[in-house]
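Shown below: input-v7.cif, with mmCIF, C-alpha atoms.
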data_structure
#
loop_
_atom_site.label_atom_id
_atom_site.label_comp_id
_atom_site.auth_asym_id
_atom_site.auth_seq_id
_atom_site.Cartn_x
_atom_site.Cartn_y
_atom_site.Cartn_z
CA MET P 1 -75.95 -31.62 -199.14
CA SER P 2 -79.29 -32.44 -197.59
CA LEU P 3 -82.57 -30.71 -198.24
CA ARG P 4 -82.98 -29.89 -194.58
CA SER P 5 -80.78 -27.65 -192.54
CA ASN P 6 -78.67 -29.23 -189.80
CA ASP P 7 -76.64 -28.03 -186.86
CA ARG P 8 -73.78 -26.87 -189.03
CA GLN P 9 -75.24 -25.57 -192.28
CA TRP P 10 -78.32 -24.54 -194.15
CA GLY P 11 -80.07 -27.21 -196.22
CA SER P 12 -80.44 -26.87 -199.96
CA VAL P 13 -84.10 -25.78 -199.69
CA ALA P 14 -83.20 -22.92 -197.34
CA LYS P 15 -80.34 -21.94 -199.66
CA PHE P 16 -82.61 -22.04 -202.68
CA PHE P 17 -85.12 -19.75 -200.99
CA HIS P 18 -82.41 -17.40 -199.73
CA TRP P 19 -80.65 -16.86 -203.05
CA THR P 20 -83.66 -17.00 -205.35
CA ILE P 21 -85.52 -14.43 -203.29
CA ALA P 22 -82.39 -12.28 -202.97
CA LEU P 23 -81.81 -12.22 -206.72
CA ALA P 24 -85.50 -11.76 -207.57
CA ILE P 25 -85.99 -8.87 -205.15
CA LEU P 26 -82.81 -7.06 -206.18
CA GLY P 27 -83.43 -7.61 -209.88
CA ASN P 28 -87.10 -6.71 -209.68
CA GLY P 29 -86.32 -3.66 -207.53
CA ILE P 30 -83.83 -2.30 -210.05
CA PHE P 31 -86.24 -3.20 -212.86
CA GLY P 32 -88.98 -1.29 -211.03
CA LEU P 33 -86.81 1.81 -210.74
CA LEU P 34 -86.11 1.71 -214.50
CA MET P 35 -89.77 1.61 -215.61
CA ASP P 36 -89.63 5.13 -217.02
CA LEU P 37 -87.01 4.06 -219.54
CA ALA P 38 -89.70 2.23 -221.52
CA HIS P 39 -89.83 3.73 -224.99
CA SER P 40 -93.57 3.30 -225.50
CA PRO P 41 -96.67 3.13 -223.30
CA MET P 42 -97.25 -0.49 -224.32
CA GLN P 43 -93.69 -1.45 -223.40
CA LYS P 44 -94.21 0.14 -220.00
CA ILE P 45 -97.47 -1.80 -219.63
CA ASN P 46 -95.62 -5.03 -220.41
CA TRP P 47 -92.68 -4.18 -218.16
CA LEU P 48 -95.01 -3.33 -215.29
CA ALA P 49 -96.92 -6.58 -215.86
CA LEU P 50 -93.63 -8.49 -215.65
CA HIS P 51 -92.54 -6.54 -212.55
CA LYS P 52 -95.86 -7.37 -210.86
CA SER P 53 -95.64 -11.05 -211.85
CA ILE P 54 -92.11 -11.34 -210.44
CA GLY P 55 -93.20 -9.50 -207.28
CA LEU P 56 -96.10 -11.88 -206.73
CA THR P 57 -93.73 -14.80 -207.25
CA VAL P 58 -91.43 -13.34 -204.60
CA LEU P 59 -94.36 -13.00 -202.20
CA ALA P 60 -95.32 -16.65 -202.72
CA LEU P 61 -91.70 -17.76 -202.29
CA VAL P 62 -91.34 -15.71 -199.11
CA LEU P 63 -94.46 -17.28 -197.62
CA LEU P 64 -93.22 -20.75 -198.53
CA ARG P 65 -89.83 -19.85 -197.12
CA VAL P 66 -91.30 -18.79 -193.79
CA LEU P 67 -93.29 -22.03 -193.61
CA TRP P 68 -90.19 -24.06 -194.46
CA ARG P 69 -88.03 -22.18 -191.99
CA TRP P 70 -90.64 -22.83 -189.30
CA GLY P 71 -90.39 -26.59 -189.79
CA ASP P 72 -86.74 -26.74 -190.82
CA GLY P 73 -84.91 -25.03 -188.00
CA HIS P 74 -81.51 -23.46 -188.54
CA PRO P 75 -77.80 -24.04 -187.91
CA ARG P 76 -76.40 -23.24 -184.52
CA GLU P 77 -75.34 -19.61 -184.15
CA GLU P 78 -71.63 -19.02 -184.53
CA PRO P 79 -69.89 -17.70 -181.44
CA ALA P 80 -69.97 -13.94 -181.32
CA PRO P 81 -70.49 -11.19 -178.79
CA ARG P 82 -74.03 -11.03 -177.47
CA TRP P 83 -74.72 -7.67 -179.15
CA GLN P 84 -73.74 -9.09 -182.53
CA GLN P 85 -76.01 -12.08 -182.12
CA LEU P 86 -78.90 -9.83 -181.13
CA GLY P 87 -78.05 -7.47 -183.99
CA ALA P 88 -78.04 -10.35 -186.48
CA ARG P 89 -81.39 -11.57 -185.21
CA ALA P 90 -82.87 -8.06 -185.45
CA VAL P 91 -81.55 -7.59 -189.00
CA HIS P 92 -82.94 -10.97 -190.05
CA GLY P 93 -86.32 -10.18 -188.48
CA VAL P 94 -86.51 -6.79 -190.21
CA MET P 95 -85.55 -8.37 -193.53
CA TYR P 96 -88.27 -10.99 -193.27
CA VAL P 97 -90.78 -8.22 -192.56
CA LEU P 98 -89.50 -6.16 -195.50
CA ILE P 99 -89.53 -8.95 -198.06
CA VAL P 100 -93.17 -9.62 -197.19
CA ALA P 101 -94.09 -5.93 -197.01
CA LEU P 102 -92.38 -4.99 -200.29
CA PRO P 103 -94.52 -7.11 -202.64
CA LEU P 104 -97.60 -6.54 -200.50
CA SER P 105 -97.11 -2.76 -200.79
CA GLY P 106 -96.88 -3.18 -204.56
CA TRP P 107 -100.14 -5.12 -204.53
CA TRP P 108 -101.66 -2.36 -202.42
CA PHE P 109 -100.33 0.36 -204.78
CA ASN P 110 -101.74 -1.55 -207.76
CA SER P 111 -105.12 -1.87 -206.04
CA VAL P 112 -105.19 1.85 -205.27
CA THR P 113 -104.64 2.66 -208.95
CA GLY P 114 -107.48 0.33 -209.92
CA LYS P 115 -105.32 -1.68 -212.35
CA PRO P 116 -105.78 -5.39 -212.93
CA LEU P 117 -103.27 -7.73 -211.32
CA GLN P 118 -102.32 -10.64 -213.51
CA TRP P 119 -99.69 -13.32 -212.91
CA PHE P 120 -97.73 -13.92 -216.12
CA LYS P 121 -100.95 -13.55 -218.17
CA LEU P 122 -102.24 -16.74 -216.55
CA PHE P 123 -104.65 -15.67 -213.83
CA ASN P 124 -105.79 -12.56 -212.01
CA LEU P 125 -105.66 -11.69 -208.34
CA PRO P 126 -108.20 -9.51 -206.54
CA ALA P 127 -107.56 -5.97 -205.36
CA LEU P 128 -106.59 -5.56 -201.70
CA VAL P 129 -108.44 -2.24 -201.38
CA ALA P 130 -110.77 -0.18 -203.51
CA LYS P 131 -109.45 2.22 -206.12
CA ASN P 132 -108.47 5.53 -204.54
CA ASP P 133 -106.75 8.22 -206.60
CA ASP P 134 -105.83 10.23 -203.48
CA MET P 135 -103.65 7.38 -202.21
CA ARG P 136 -101.83 6.84 -205.51
CA GLY P 137 -98.75 8.94 -204.77
CA PHE P 138 -98.51 7.81 -201.16
CA SER P 139 -98.79 4.08 -201.89
CA HIS P 140 -96.21 4.41 -204.66
CA ALA P 141 -93.83 6.18 -202.28
CA VAL P 142 -94.31 3.48 -199.64
CA HIS P 143 -93.57 0.78 -202.21
CA GLU P 144 -90.42 2.51 -203.44
CA TYR P 145 -89.07 3.55 -200.02
CA LEU P 146 -89.55 0.05 -198.64
CA PHE P 147 -87.11 -1.06 -201.32
CA TRP P 148 -84.56 1.59 -200.29
CA LEU P 149 -85.04 0.59 -196.67
CA LEU P 150 -84.41 -3.03 -197.62
CA ILE P 151 -81.22 -1.98 -199.43
CA LEU P 152 -80.11 -0.17 -196.27
CA VAL P 153 -80.66 -3.26 -194.12
CA LEU P 154 -79.08 -5.39 -196.83
CA VAL P 155 -75.86 -3.38 -196.50
CA ALA P 156 -75.68 -4.40 -192.83
CA HIS P 157 -76.57 -8.02 -193.71
CA VAL P 158 -73.98 -8.37 -196.48
CA GLY P 159 -71.41 -6.38 -194.52
CA ALA P 160 -71.78 -8.69 -191.52
CA ALA P 161 -71.62 -11.81 -193.70
CA LEU P 162 -68.41 -10.60 -195.36
CA LYS P 163 -66.92 -9.60 -192.01
CA HIS P 164 -67.51 -13.12 -190.71
CA HIS P 165 -66.08 -14.63 -193.88
CA VAL P 166 -63.00 -12.44 -194.28
CA PHE P 167 -62.04 -11.39 -190.77
CA ASP P 168 -63.49 -14.08 -188.53
CA ASN P 169 -62.81 -16.95 -190.94
CA ASP P 170 -65.92 -18.72 -189.74
CA ASN P 171 -68.72 -20.54 -191.55
CA VAL P 172 -71.47 -17.89 -191.37
CA LEU P 173 -71.28 -17.16 -195.10
CA ARG P 174 -70.03 -20.58 -196.20
CA ARG P 175 -72.94 -22.45 -194.66
CA MET P 176 -75.35 -20.41 -196.82
CA LEU P 177 -73.31 -20.44 -200.04
CA PRO P 178 -74.57 -22.72 -202.80
CA PHE P 179 -72.11 -25.66 -202.92
CA GLY P 180 -70.20 -23.94 -200.11
CA ARG P 181 -67.74 -26.12 -198.20
CA LEU P 182 -67.45 -25.58 -194.52
CA ARG P 183 -64.16 -24.85 -192.86
CA ASN P 184 -63.46 -27.76 -190.60
CA GLY P 185 -62.90 -27.55 -186.95
CA SER P 186 -63.06 -23.98 -185.97
CA THR P 187 -66.67 -23.51 -184.98
CA SER P 188 -68.45 -26.69 -185.89
CA THR P 189 -69.41 -27.54 -182.37
CA GLY P 190 -70.43 -24.07 -181.49
CA ASP P 191 -67.62 -23.67 -178.96
CA SER P 192 -65.16 -20.86 -179.11
CA PRO P 193 -61.96 -21.87 -180.81
CA MET U 194 -166.37 -10.21 -250.78
CA LYS U 195 -164.94 -6.89 -251.84
CA ARG U 196 -166.03 -5.39 -248.54
CA LEU U 197 -164.35 -8.19 -246.64
CA ALA U 198 -161.14 -7.57 -248.55
CA ILE U 199 -161.26 -3.91 -247.65
CA LEU U 200 -161.95 -4.76 -244.03
CA LEU U 201 -159.00 -7.17 -243.87
CA PHE U 202 -156.79 -4.67 -245.61
CA SER U 203 -157.76 -1.92 -243.17
CA LEU U 204 -157.08 -4.25 -240.24
CA ALA U 205 -153.71 -5.14 -241.66
CA LEU U 206 -152.87 -1.52 -242.40
CA PRO U 207 -151.53 -0.59 -238.93
CA CYS U 208 -149.12 -3.51 -239.13
CA ALA U 209 -147.88 -2.51 -242.54
CA ALA U 210 -147.49 1.11 -241.50
CA ALA U 211 -144.21 2.47 -240.14
CA ALA U 212 -143.25 1.18 -236.68
CA ALA U 213 -143.69 3.50 -233.72
CA ASP U 214 -141.15 6.29 -233.44
CA TYR U 215 -139.56 6.96 -230.10
CA THR U 216 -137.37 9.59 -228.58
CA VAL U 217 -134.62 8.55 -226.23
CA ARG U 218 -134.64 9.86 -222.67
CA PRO U 219 -130.89 10.43 -222.38
CA GLU U 220 -130.80 10.90 -218.61
CA LEU U 221 -132.21 7.40 -218.14
CA SER U 222 -130.34 5.73 -220.98
CA ARG U 223 -126.85 4.35 -221.30
CA LEU U 224 -124.63 3.33 -224.18
CA GLY U 225 -121.56 1.47 -223.01
CA PHE U 226 -118.98 -1.14 -223.76
CA THR U 227 -117.06 -3.82 -221.90
CA GLY U 228 -113.51 -4.70 -222.86
CA THR U 229 -110.83 -6.74 -221.20
CA TYR U 230 -107.41 -5.49 -220.12
CA GLN U 231 -104.82 -7.78 -218.55
CA GLY U 232 -107.41 -10.45 -217.92
CA ALA U 233 -109.91 -8.18 -216.21
CA ALA U 234 -113.12 -6.72 -217.63
CA PHE U 235 -113.51 -2.95 -217.69
CA ASN U 236 -116.58 -0.90 -218.49
CA GLY U 237 -116.88 2.31 -220.39
CA SER U 238 -119.70 4.48 -221.61
CA PHE U 239 -120.36 7.30 -224.03
CA GLY U 240 -121.63 10.60 -222.67
CA GLN U 241 -122.82 11.91 -226.04
CA TRP U 242 -124.87 9.97 -228.54
CA THR U 243 -128.20 10.16 -230.30
CA ALA U 244 -130.50 7.40 -231.46
CA ALA U 245 -133.47 7.45 -233.79
CA ILE U 246 -135.58 4.44 -232.83
CA SER U 247 -138.52 3.14 -234.81
CA TYR U 248 -139.63 -0.18 -233.48
CA ASP U 249 -142.64 -2.41 -233.51
CA PRO U 250 -142.24 -6.07 -232.52
CA ALA U 251 -145.15 -6.86 -234.84
CA SER U 252 -143.57 -5.01 -237.72
CA LEU U 253 -139.88 -5.74 -237.68
CA ALA U 254 -139.59 -5.04 -241.40
CA ASN U 255 -140.45 -1.42 -240.73
CA SER U 256 -138.33 -1.05 -237.62
CA LYS U 257 -135.06 0.83 -237.65
CA PHE U 258 -132.28 1.93 -235.29
CA ASP U 259 -129.99 4.75 -236.31
CA VAL U 260 -127.34 5.70 -233.76
CA ASN U 261 -124.61 8.33 -233.79
CA VAL U 262 -121.93 8.30 -231.12
CA THR U 263 -119.46 11.06 -230.28
CA LEU U 264 -116.33 9.00 -229.67
CA ALA U 265 -114.54 11.71 -227.69
CA SER U 266 -117.18 11.25 -224.98
CA ALA U 267 -115.95 7.73 -224.10
CA LYS U 268 -115.10 7.34 -220.42
CA THR U 269 -113.91 4.27 -218.52
CA GLY U 270 -112.91 5.96 -215.27
CA ASP U 271 -109.31 4.84 -215.68
CA HIS U 272 -107.02 7.81 -216.27
CA ASP U 273 -104.68 5.99 -218.65
CA GLN U 274 -107.49 4.50 -220.72
CA ASP U 275 -109.41 7.75 -220.89
CA SER U 276 -106.38 9.61 -222.17
CA ALA U 277 -105.49 6.86 -224.66
CA LEU U 278 -108.94 6.20 -226.17
CA PRO U 279 -109.30 9.45 -228.18
CA GLY U 280 -105.74 9.18 -229.49
CA VAL U 281 -104.51 8.04 -232.89
CA ASP U 282 -103.88 4.48 -231.68
CA PHE U 283 -107.51 3.94 -230.71
CA PHE U 284 -110.56 5.99 -231.82
CA ASN U 285 -108.50 8.78 -233.45
CA VAL U 286 -111.32 11.23 -232.77
CA ALA U 287 -109.53 14.05 -234.59
CA LYS U 288 -110.00 12.12 -237.82
CA PHE U 289 -113.08 10.02 -237.00
CA PRO U 290 -115.16 11.97 -234.48
CA THR U 291 -118.29 9.81 -234.64
CA ALA U 292 -119.33 6.21 -234.91
CA HIS U 293 -122.54 5.33 -236.72
CA PHE U 294 -124.76 2.26 -236.45
CA VAL U 295 -127.77 1.74 -238.66
CA THR U 296 -129.89 -1.39 -238.93
CA THR U 297 -130.28 -3.11 -242.27
CA GLY U 298 -132.94 -5.50 -241.05
CA PHE U 299 -134.23 -7.57 -238.17
CA HIS U 300 -134.61 -11.29 -237.89
CA GLN U 301 -135.97 -13.71 -235.38
CA ASP U 302 -133.77 -16.38 -233.81
CA GLY U 303 -136.21 -18.50 -231.84
CA ALA U 304 -137.79 -16.07 -229.42
CA GLN U 305 -134.84 -13.70 -229.70
CA VAL U 306 -135.01 -10.72 -232.05
CA ILE U 307 -131.71 -9.81 -233.70
CA ALA U 308 -131.00 -6.43 -235.22
CA ASP U 309 -128.59 -6.70 -238.13
CA GLY U 310 -126.80 -3.55 -239.07
CA GLN U 311 -123.68 -1.80 -240.21
CA LEU U 312 -121.33 -0.15 -237.76
CA THR U 313 -118.97 2.55 -238.96
CA LEU U 314 -116.17 3.03 -236.45
CA HIS U 315 -112.71 4.46 -236.97
CA GLY U 316 -113.48 4.85 -240.68
CA VAL U 317 -114.31 1.15 -241.12
CA THR U 318 -117.82 -0.12 -241.87
CA ARG U 319 -118.64 -3.69 -240.98
CA PRO U 320 -121.73 -5.69 -240.08
CA LEU U 321 -122.75 -5.86 -236.42
CA SER U 322 -125.67 -7.79 -234.98
CA LEU U 323 -127.36 -6.90 -231.71
CA THR U 324 -129.75 -8.87 -229.57
CA VAL U 325 -132.94 -6.90 -228.97
CA LEU U 326 -135.03 -6.89 -225.82
CA PHE U 327 -137.97 -4.53 -226.18
CA LYS U 328 -140.64 -3.94 -223.57
CA SER U 329 -143.40 -1.46 -224.05
CA GLN U 330 -145.45 -0.14 -221.16
CA GLY U 331 -148.27 2.10 -222.25
CA GLY U 332 -146.75 4.42 -224.81
CA ALA U 333 -143.26 4.28 -223.35
CA ALA U 334 -140.77 1.46 -223.78
CA THR U 335 -137.39 0.16 -222.77
CA LEU U 336 -134.93 -1.21 -225.29
CA ASP U 337 -131.87 -3.27 -224.34
CA VAL U 338 -129.41 -4.27 -227.03
CA ALA U 339 -126.10 -6.09 -226.84
CA GLY U 340 -123.54 -7.33 -229.33
CA VAL U 341 -119.90 -8.22 -229.62
CA LEU U 342 -117.40 -6.72 -232.04
CA LYS U 343 -113.76 -7.47 -232.71
CA ARG U 344 -111.88 -4.24 -232.10
CA LEU U 345 -109.16 -5.08 -234.62
CA ASP U 346 -111.78 -5.47 -237.39
CA PHE U 347 -112.21 -1.73 -236.99
CA GLY U 348 -108.54 -0.97 -236.46
CA VAL U 349 -109.08 0.18 -232.87
CA GLY U 350 -105.87 -0.29 -230.88
CA THR U 351 -103.34 -1.10 -233.57
CA GLY U 352 -99.54 -1.21 -233.58
CA ASP U 353 -98.27 -2.15 -230.11
CA TYR U 354 -101.86 -2.23 -228.87
CA ALA U 355 -102.87 -4.99 -231.30
CA ASP U 356 -101.58 -7.51 -228.71
CA THR U 357 -104.82 -9.19 -227.70
CA SER U 358 -103.13 -10.98 -224.80
CA VAL U 359 -103.04 -7.57 -223.12
CA ILE U 360 -106.09 -5.82 -224.57
CA GLY U 361 -108.81 -8.35 -225.38
CA ALA U 362 -109.95 -8.83 -228.98
CA ASP U 363 -113.66 -8.80 -228.18
CA VAL U 364 -115.53 -5.72 -227.06
CA LYS U 365 -119.09 -6.06 -225.91
CA VAL U 366 -121.42 -3.21 -226.80
CA ILE U 367 -124.40 -2.73 -224.52
CA ALA U 368 -127.16 -0.14 -224.55
CA HIS U 369 -130.13 0.43 -222.32
CA LEU U 370 -132.62 2.94 -223.69
CA GLN U 371 -135.65 4.44 -222.02
CA LEU U 372 -137.99 5.50 -224.79
CA ALA U 373 -140.84 8.01 -224.88
CA PRO U 374 -143.38 8.04 -227.69
CA LYS U 375 -142.81 10.72 -230.29
#
Rewrite the coordinates I just gave you, this time as structure tokens.
Amino acid sequence: MSLRSNDRQWGSVAKFFHWTIALAILGNGIFGLLMDLAHSPMQKINWLALHKSIGLTVLALVLLRVLWRWGDGHPREEPAPRWQQLGARAVHGVMYVLIVALPLSGWWFNSVTGKPLQWFKLFNLPALVAKNDDMRGFSHAVHEYLFWLLILVLVAHVGAALKHHVFDNDNVLRRMLPFGRLRNGSTSTGDSP
Amino acid sequence: MKRLAILLFSLALPCAAAAADYTVRPELSRLGFTGTYQGAAFNGSFGQWTAAISYDPASLANSKFDVNVTLASAKTGDHDQDSALPGVDFFNVAKFPTAHFVTTGFHQDGAQVIADGQLTLHGVTRPLSLTVLFKSQGGAATLDVAGVLKRLDFGVGTGDYADTSVIGADVKVIAHLQLAPK
């Protein structure tokens, strides 16, 4: 498996970005929703600090991923009706926007509350905007609803991937799976079988 | 010879006398602190405090600061901090409503005057030294002092909050006083 993507499958760097970001966003999103389970104020402080650190890591990974994707290219699209190809592109575009917007909205929310922003207790990042108590509830809602919106789009993304894998028997999912082996023949040249 | 002695003594008398007493002009004065939280500095100040200031740069031995601070008046502007500070984990104002600082002496460190004193905070009394910058203009004066204390020496922020990687160990105390002659 090469680092770079080729005509037939995603390279290991693209796969790494895809799955690391997927796991980090899902895990950190669920973690974020569970903040109120903290049994003491200090535990909540520490949980929030961890949530913010993971979120900032996601943001950095997403930016690196976009840069990589820009230079790396991507496998040829599998044959599918035009509307499905356009739909897939739209879903991918929306997901890229959301995975940038989600951590950024958290950074914005944190700035509005006037709290420090520290990455794993190592260094601090500046506020994006000035403290503003009136925006507290709104910015929190934006941050949380962006996650739910991402989940909604994710259902379409995962649903489509599984549909390709189970019903179409093509390589759409396999070419992104870690250590995934491609099915030979069927769609490797991009022609209809 | 006897006359000369009397003359010298009378000249020296003002120096040996008590240092000038001042009243603080509260509206122009500030008593505050700077801590660190999650790697970032935050500032707070006390709304209610009184200070009895006797000071004469030429008569440090007779100078004295005596300061009382109402701890419940601490404000940082952060909602969470302002609600936590009076609580049992920090100042515990229900049990220890005031902090008290009184000088025990002054000494010179090069050109810098240092006020040595005892701070009683959260029921604990420990030494605290403050740098002193005093400027008199006519009868009035300004006094700037600053010092650093370790919050855990005074048991401020214990239990979970003792984690100094989240809430810094050092707290800087700063005061700017505008003084009017008594």
Could you tell me, as an MDAnalysis selection string, exactly which residues end up selected when the PyMOL selection byres ((chain P and resi 49) around 12) is applied to this structure?
(chainID P and resid 28 31:32 35 42:48 50:56 106:107 110 115:122 124) or (chainID U and resid 230:232 358:359)
Please enumerate the residues selected by the PyMOL selection byres ((chain U and resi 223) around 10) when evaluated against the supplied file, formatted as number ranges by chain.
U: 218-222, 224-226, 238-242, 337, 367-371
Selected by the PyMOL selection byres ((chain U and resi 260) around 9) in the shown coordinates: which residues, as a short mmCIF file (atom, residue, chain, number, x, y, z; two decimals) with C-alpha atoms, keeping the file's coordinate frame?
data_model
loop_
_atom_site.label_atom_id
_atom_site.label_comp_id
_atom_site.auth_asym_id
_atom_site.auth_seq_id
_atom_site.Cartn_x
_atom_site.Cartn_y
_atom_site.Cartn_z
CA TRP U 242 -124.87 9.97 -228.54
CA THR U 243 -128.20 10.16 -230.30
CA ALA U 244 -130.50 7.40 -231.46
CA ALA U 245 -133.47 7.45 -233.79
CA ILE U 246 -135.58 4.44 -232.83
CA PHE U 258 -132.28 1.93 -235.29
CA ASP U 259 -129.99 4.75 -236.31
CA ASN U 261 -124.61 8.33 -233.79
CA VAL U 262 -121.93 8.30 -231.12
CA ALA U 292 -119.33 6.21 -234.91
CA HIS U 293 -122.54 5.33 -236.72
CA PHE U 294 -124.76 2.26 -236.45
CA VAL U 295 -127.77 1.74 -238.66
#
Which neighbours of stretch 144-156 of chain P fall inside 10 Å, counting all atoms listed in the file, when residues of the same chain fewer than 2 positions from it are skipped, and could you give them as a PDB file with C-alpha atoms, in the coordinates of the input?
ATOM      1  CA  ALA P  22     -82.390 -12.280-202.970  1.00  0.00           C
ATOM      2  CA  ILE P  25     -85.990  -8.870-205.150  1.00  0.00           C
ATOM      3  CA  LEU P  26     -82.810  -7.060-206.180  1.00  0.00           C
ATOM      4  CA  GLY P  29     -86.320  -3.660-207.530  1.00  0.00           C
ATOM      5  CA  ILE P  30     -83.830  -2.300-210.050  1.00  0.00           C
ATOM      6  CA  GLY P  32     -88.980  -1.290-211.030  1.00  0.00           C
ATOM      7  CA  LEU P  33     -86.810   1.810-210.740  1.00  0.00           C
ATOM      8  CA  GLY P  87     -78.050  -7.470-183.990  1.00  0.00           C
ATOM      9  CA  ALA P  88     -78.040 -10.350-186.480  1.00  0.00           C
ATOM     10  CA  VAL P  91     -81.550  -7.590-189.000  1.00  0.00           C
ATOM     11  CA  HIS P  92     -82.940 -10.970-190.050  1.00  0.00           C
ATOM     12  CA  VAL P  94     -86.510  -6.790-190.210  1.00  0.00           C
ATOM     13  CA  MET P  95     -85.550  -8.370-193.530  1.00  0.00           C
ATOM     14  CA  TYR P  96     -88.270 -10.990-193.270  1.00  0.00           C
ATOM     15  CA  VAL P  97     -90.780  -8.220-192.560  1.00  0.00           C
ATOM     16  CA  LEU P  98     -89.500  -6.160-195.500  1.00  0.00           C
ATOM     17  CA  ILE P  99     -89.530  -8.950-198.060  1.00  0.00           C
ATOM     18  CA  ALA P 101     -94.090  -5.930-197.010  1.00  0.00           C
ATOM     19  CA  LEU P 102     -92.380  -4.990-200.290  1.00  0.00           C
ATOM     20  CA  PRO P 103     -94.520  -7.110-202.640  1.00  0.00           C
ATOM     21  CA  SER P 105     -97.110  -2.760-200.790  1.00  0.00           C
ATOM     22  CA  GLY P 106     -96.880  -3.180-204.560  1.00  0.00           C
ATOM     23  CA  PHE P 138     -98.510   7.810-201.160  1.00  0.00           C
ATOM     24  CA  SER P 139     -98.790   4.080-201.890  1.00  0.00           C
ATOM     25  CA  HIS P 140     -96.210   4.410-204.660  1.00  0.00           C
ATOM     26  CA  ALA P 141     -93.830   6.180-202.280  1.00  0.00           C
ATOM     27  CA  VAL P 142     -94.310   3.480-199.640  1.00  0.00           C
ATOM     28  CA  VAL P 158     -73.980  -8.370-196.480  1.00  0.00           C
ATOM     29  CA  GLY P 159     -71.410  -6.380-194.520  1.00  0.00           C
ATOM     30  CA  ALA P 160     -71.780  -8.690-191.520  1.00  0.00           C
ATOM     31  CA  ALA P 161     -71.620 -11.810-193.700  1.00  0.00           C
ATOM     32  CA  LEU P 162     -68.410 -10.600-195.360  1.00  0.00           C
TER      33      LEU P 162
END
Using all atoms listed in the file, what residues lie at most 8 Å away from (-129.0, -8.3, -229.6) (file coordinates), given as an mmCIF file with C-alpha atoms, in the coordinates of the input?
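selection-v8.cif was written with the following content:
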data_model
loop_
_atom_site.group_PDB
_atom_site.id
_atom_site.type_symbol
_atom_site.label_atom_id
_atom_site.label_comp_id
_atom_site.auth_asym_id
_atom_site.auth_seq_id
_atom_site.Cartn_x
_atom_site.Cartn_y
_atom_site.Cartn_z
ATOM 1 C CA GLN U 305 -134.840 -13.700 -229.700
ATOM 2 C CA VAL U 306 -135.010 -10.720 -232.050
ATOM 3 C CA ILE U 307 -131.710 -9.810 -233.700
ATOM 4 C CA ALA U 308 -131.000 -6.430 -235.220
ATOM 5 C CA SER U 322 -125.670 -7.790 -234.980
ATOM 6 C CA LEU U 323 -127.360 -6.900 -231.710
ATOM 7 C CA THR U 324 -129.750 -8.870 -229.570
ATOM 8 C CA VAL U 325 -132.940 -6.900 -228.970
ATOM 9 C CA LEU U 326 -135.030 -6.890 -225.820
ATOM 10 C CA ASP U 337 -131.870 -3.270 -224.340
ATOM 11 C CA VAL U 338 -129.410 -4.270 -227.030
ATOM 12 C CA ALA U 339 -126.100 -6.090 -226.840
ATOM 13 C CA GLY U 340 -123.540 -7.330 -229.330
#
State, in Å with one decimal place, the distance from atom CA of P:Leu128 to atom CA of P:Leu104.
9.1 Å
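Residues of chain U lying within 12 Å of chain P, counting only C-alpha atoms, are Thr229, Tyr230, Gln231, Gly232, Ala233, Ala234, Phe235, Thr269, Gly270, Asp271, His272, Asp273, Gln274, Ser276, Ala277, Asp282, Gly350, Thr351, Gly352, Asp353, Tyr354, Ala355, Asp356, Thr357, Ser358, Val359, Ile360 and Gly361 of chain U.
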For U:His315, please output as a list of chain:residue names all residues within 9 Å (counting all atoms listed in the file; exclusion window: fewer than 4 positions along the same chain).
U:Phe283, U:Phe284, U:Asn285, U:Val286, U:Lys288, U:Phe289, U:Pro290, U:Thr291, U:Ala292, U:Phe347, U:Gly348, U:Val349
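Distances here use all atoms listed in the file; by that measure, the residue among U:Val217, U:Ala267, U:Ala287, U:Val366 closest to U:Gly316 is U:Ala287.
The gap separating atom CA of U:Ala265 from atom CA of P:Met135 is 28.0 Å, in Å to one decimal.
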Contacts of P:Gly11 at 12 Å (only C-alpha atoms; same-chain gap of 4+ positions) as a list in words:
Met1, Ser2, Leu3, Arg4, Ser5, Asn6, Asp7, Lys15, Phe16, Phe17, His18, Trp68, Arg69, Asp72, Gly73, His74, Pro75, Arg175, Met176, Leu177, Pro178, Phe179 and Gly180 of chain P
Non-local contacts of U:Val341 (7 Å; only C-alpha atoms; under 4 positions in same chain excluded) as a PyMOL selection string:
chain U and resi 363-366
For those residues, write C-alpha atoms to a file as a PDB file, in the frame of the given file.
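And here is the file that came out, again.pdb:
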ATOM      1  CA  ASP U 363    -113.660  -8.800-228.180  1.00  0.00           C
ATOM      2  CA  VAL U 364    -115.530  -5.720-227.060  1.00  0.00           C
ATOM      3  CA  LYS U 365    -119.090  -6.060-225.910  1.00  0.00           C
ATOM      4  CA  VAL U 366    -121.420  -3.210-226.800  1.00  0.00           C
TER       5      VAL U 366
END
